[in-house]
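Scroll down for the structure; my scribbles are underneath it.
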Amino acid sequence: MTSRTHDIDEGWAWVVLAAVYSGILLVSTVILTAGVLYIELLDYYQDDATKTSIIGSLNSGLLCLLGPLVSICINKLSCRVTIFSGGVFLMLAYLTSAFVSNINLLIFSIGVVGGIGNALSGVPLAVVLVYYFERRRNIVLTLSQAVIGVAIFLASPLALWLLEEYGLKGTFLILAGICAHLCVCAVICKPSVEEEKLKINALKSKDVTMNKPYTYCKCDSLLDLQVLRSLPFVLFLMSTSTWNFMLSVCLMHLPNYVMTKGLNATDITVLMTIFSISNTVGRLSAVFIVDCKHLDNMVVHICCLVIASIFALFFQLYNHLPSAEYVFVAATGILTGLPNSLATPLTLALIGVENISIAHGLVYFFCGIGYVSGPPLAALLLEKTGSYENSFIMSGAVLLFGSVMAVAAKIRQRKAQEERGKRTLNAAVKKCRRFLKIFSSDSIAYITFRQLLIFSDEHNMFGYIRTANHHVLSTTFLTSIWKSVNLKIC
């Protein structure tokens, strides 16, 4: 056990890091080939465009919507087993797709089975990093999201080359082989000491609750939603859903909008390339933000939402300017890439490591709600008004609401930290006062502790927490003194 403890932030953790980044790259690349495959499927099967589009929608949508259910698998099994299962699902999805003869079967194979595989493999990958890293946790998490930016560049050229060289059926077989490598990544991600410790604590907590007389145990429910009791986290989830709403509306309607302005397919390719580059820049920027002690992640999240909502709300005022759509898509890329990379660090700050698997699954679920609901509502508004600009304005209004939710989350988070700090410090003072009773009034220890308490009371350090530094310093100091005497006072 001691040797395995050293794998946190070092040793085997770096091997796991390489495996996780490779897994994220593989999953993201396969998912992002959906756009190119959609065109080829239309040409190959000559079926209805709406029905064919269901394949890609299910394949990517289930990744988010099944997040809470995947959290159950992580808690009941492990990250390793869950990722391995996802790799098997994805391999079978694309392998069987090479031999099917109609779109209906492809909806089930790639859409449903592939979507389940995406969820089972995609959601736990970030959770593994949480368990294997502590000091560098936020940096490795944000970098993992930057890997998706690399996948954005690779997916389309890879899919086009595979289709040209091997055709549709051969492409499916090769994608199945690529997905099989997720099983190798999963084998490397063995359960860490932290993951095993949390699982043991969860089992003990469940046993204690079940053994209580006259108590109906709810802990044996498959999905523990206690994290939703945290108001700051719920508000954060709502804000996360809104920026995904705005993102999906822009990606779905912007290409059609620029076509109405007289631009061609080449311009659309340039537009989406700009989005890819800007989104990757946004994801990479988060690496420097989480490592900066002077920047608050939640404040950055709020700023991104506010600025993006302004770009969308006032789009109609500047859309007549030259290259307005390129500026808009670049801003959208950066301002959605940043919150994407900050999502897991913010979830950790709000919930903690103990409930990260459930919380991470819920973040995915709320992202899916926003991403799935955006395009239909925007299309409905387009039918009613006949204007794409109104769709963008609507997405800006939704995002502005999300900004308000994020501000409320920050306020509640700060109040909760102050209340928790006050309780901790007051408990430390009470322990010190009880400690004083052990010594005579003329002893050095008594005089030292007495002066400490007088100083604390004079500076109001225990009555009200003015800064986080006061809380950390005073709590650490008092706790270390208390533990140093190695006494247990009831």
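Within each chain, counting starts at residue 1; across the structure tokens, chains are named A, B, ... in the order shown, with ligands numbered 1 upward in that order.
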
Counting only C-alpha atoms, which residues of region 36-61 of chain A fall within 12 Å of region 106-112 of chain A, and what is the closest atom pair for each with its distance in Å at one decimal, ordered by chain and rising number, as CSV?
```
residue,atom,partner,partner_atom,distance
A:Leu37,CA,A:Ile110,CA,11.1
A:Tyr38,CA,A:Leu106,CA,11.4
A:Leu41,CA,A:Leu106,CA,9.7
A:Tyr45,CA,A:Leu106,CA,10.7
A:Asp47,CA,A:Leu106,CA,11.8
A:Thr50,CA,A:Ile107,CA,11.6
A:Lys51,CA,A:Ile107,CA,8.4
A:Thr52,CA,A:Ile107,CA,7.7
A:Ser53,CA,A:Ile107,CA,9.1
A:Ile54,CA,A:Ile107,CA,6.7
A:Ile55,CA,A:Gly111,CA,4.5
A:Gly56,CA,A:Gly111,CA,6.4
A:Ser57,CA,A:Gly111,CA,7.3
A:Leu58,CA,A:Gly111,CA,4.7
A:Asn59,CA,A:Gly111,CA,4.4
A:Ser60,CA,A:Gly111,CA,8.1
A:Gly61,CA,A:Gly111,CA,9.1
```

Find the nearest atom pair between each residue of region 46-155 of chain A and region 365-368 of chain A for residues within 6 Å, count only C-alpha atoms, give distances in Å to one decimal, sort rows by chain and ascending number, and present the table as a tab-separated table.
```
residue	atom	partner	partner_atom	distance
A:Cys64	CA	A:Gly368	CA	4.7
A:Leu65	CA	A:Phe365	CA	4.5
A:Gly67	CA	A:Phe365	CA	5.3
```

**Study point:** Nearest-residue call for Val270 (chain A), choices A:Ala330, A:Leu42, A:Ser230, A:Met252, using only C-alpha atoms
**Key:**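 Selected residue with least distance to Val270 (chain A): A:Ala330.
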
Using only C-alpha atoms, the residue out of A:Leu66, A:Val27, A:Leu263, A:Ile152 with shortest distance to Met91 (chain A) is A:Val27

At a cut-off of 9 Å, using only C-alpha atoms, what residues contact Thr347 (chain A)? Leave out same-chain residues fewer than 6 positions from it and give the result as JSON, numbers by chain. {"A": [233, 236, 356, 359, 360, 363]}

Prev. selection, all heavy atoms, output as an mmCIF file, in the first residue's frame:
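Result file out31.cif:
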```cif
data_model
loop_
_atom_site.group_PDB
_atom_site.id
_atom_site.type_symbol
_atom_site.label_atom_id
_atom_site.label_comp_id
_atom_site.auth_asym_id
_atom_site.auth_seq_id
_atom_site.Cartn_x
_atom_site.Cartn_y
_atom_site.Cartn_z
ATOM 1 N N PHE A 233 -23.863 24.186 -6.312
ATOM 2 C CA PHE A 233 -23.619 23.220 -7.387
ATOM 3 C C PHE A 233 -24.808 23.163 -8.343
ATOM 4 O O PHE A 233 -24.625 23.094 -9.564
ATOM 5 C CB PHE A 233 -23.357 21.832 -6.792
ATOM 6 C CG PHE A 233 -23.084 20.773 -7.822
ATOM 7 C CD1 PHE A 233 -21.998 20.889 -8.680
ATOM 8 C CD2 PHE A 233 -23.905 19.663 -7.934
ATOM 9 C CE1 PHE A 233 -21.743 19.921 -9.641
ATOM 10 C CE2 PHE A 233 -23.655 18.690 -8.882
ATOM 11 C CZ PHE A 233 -22.581 18.818 -9.742
ATOM 12 N N PHE A 236 -24.660 26.147 -10.507
ATOM 13 C CA PHE A 236 -23.581 25.963 -11.487
ATOM 14 C C PHE A 236 -24.025 25.041 -12.623
ATOM 15 O O PHE A 236 -23.712 25.289 -13.799
ATOM 16 C CB PHE A 236 -22.346 25.397 -10.795
ATOM 17 C CG PHE A 236 -21.271 24.922 -11.730
ATOM 18 C CD1 PHE A 236 -20.541 25.820 -12.486
ATOM 19 C CD2 PHE A 236 -21.000 23.560 -11.868
ATOM 20 C CE1 PHE A 236 -19.554 25.387 -13.362
ATOM 21 C CE2 PHE A 236 -20.018 23.115 -12.731
ATOM 22 C CZ PHE A 236 -19.301 24.032 -13.484
ATOM 23 N N ILE A 356 -17.191 13.059 -6.618
ATOM 24 C CA ILE A 356 -16.844 13.562 -7.940
ATOM 25 C C ILE A 356 -17.473 12.724 -9.059
ATOM 26 O O ILE A 356 -17.862 13.267 -10.101
ATOM 27 C CB ILE A 356 -15.301 13.624 -8.128
ATOM 28 C CG1 ILE A 356 -14.944 14.253 -9.480
ATOM 29 C CG2 ILE A 356 -14.684 12.250 -7.984
ATOM 30 C CD1 ILE A 356 -15.467 15.654 -9.676
ATOM 31 N N ALA A 359 -21.156 13.784 -9.329
ATOM 32 C CA ALA A 359 -21.209 15.190 -9.758
ATOM 33 C C ALA A 359 -20.770 15.341 -11.205
ATOM 34 O O ALA A 359 -21.381 16.097 -11.974
ATOM 35 C CB ALA A 359 -20.335 16.044 -8.843
ATOM 36 N N HIS A 360 -19.732 14.624 -11.595
ATOM 37 C CA HIS A 360 -19.227 14.711 -12.974
ATOM 38 C C HIS A 360 -20.275 14.191 -13.957
ATOM 39 O O HIS A 360 -20.462 14.759 -15.043
ATOM 40 C CB HIS A 360 -17.935 13.909 -13.089
ATOM 41 C CG HIS A 360 -17.176 14.152 -14.352
ATOM 42 N ND1 HIS A 360 -16.675 15.381 -14.711
ATOM 43 C CD2 HIS A 360 -16.833 13.310 -15.374
ATOM 44 C CE1 HIS A 360 -16.060 15.301 -15.876
ATOM 45 N NE2 HIS A 360 -16.145 14.052 -16.297
ATOM 46 N N VAL A 363 -22.886 16.866 -14.401
ATOM 47 C CA VAL A 363 -22.403 17.944 -15.267
ATOM 48 C C VAL A 363 -22.592 17.548 -16.736
ATOM 49 O O VAL A 363 -23.074 18.342 -17.557
ATOM 50 C CB VAL A 363 -20.925 18.268 -14.976
ATOM 51 C CG1 VAL A 363 -20.361 19.205 -16.040
ATOM 52 C CG2 VAL A 363 -20.778 18.907 -13.607
#
```

Between CA of Asn390 (chain A) and CA of Leu338 (chain A) lies a distance of 25.3 Å

Query raised in the report: Of the residues A:Gly396, A:Gly23, A:Gly114, A:Gly374, which is the one nearest to Phe245 (chain A), using only C-alpha atoms?
Result: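 Of A:Gly396, A:Gly23, A:Gly114, A:Gly374, the one nearest Phe245 (chain A) is A:Gly374, counting only C-alpha atoms.
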
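Nearest to Ala406 (chain A) of all the residues A:Lys190, A:His301, A:Arg420, A:Lys430 is A:His301, counting only C-alpha atoms.
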
Pick from A:Asn426, A:Thr82, A:Asn201, A:Thr96 nearest to Cys185 (chain A), counting only C-alpha atoms: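 Smallest distance to Cys185 (chain A) is found for A:Thr82.
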
Close residues, region 158-167 of chain A itself excluded, 12 Å, only C-alpha atoms, min 6 positions apart in chain, as a list in words: Leu26, Thr29, Val30, Ile31, Leu32, Thr33, Ala34, Gly35, Val36, Leu37, Tyr38, Ile39, Glu40, Leu41, Asp43, Tyr44, Ala98, Ala151, Ile152, Leu173, Ile174, Leu175 and Ile178 of chain A

The distance between CA of Leu95 (chain A) and CA of Gln145 (chain A) is 27.8 Å
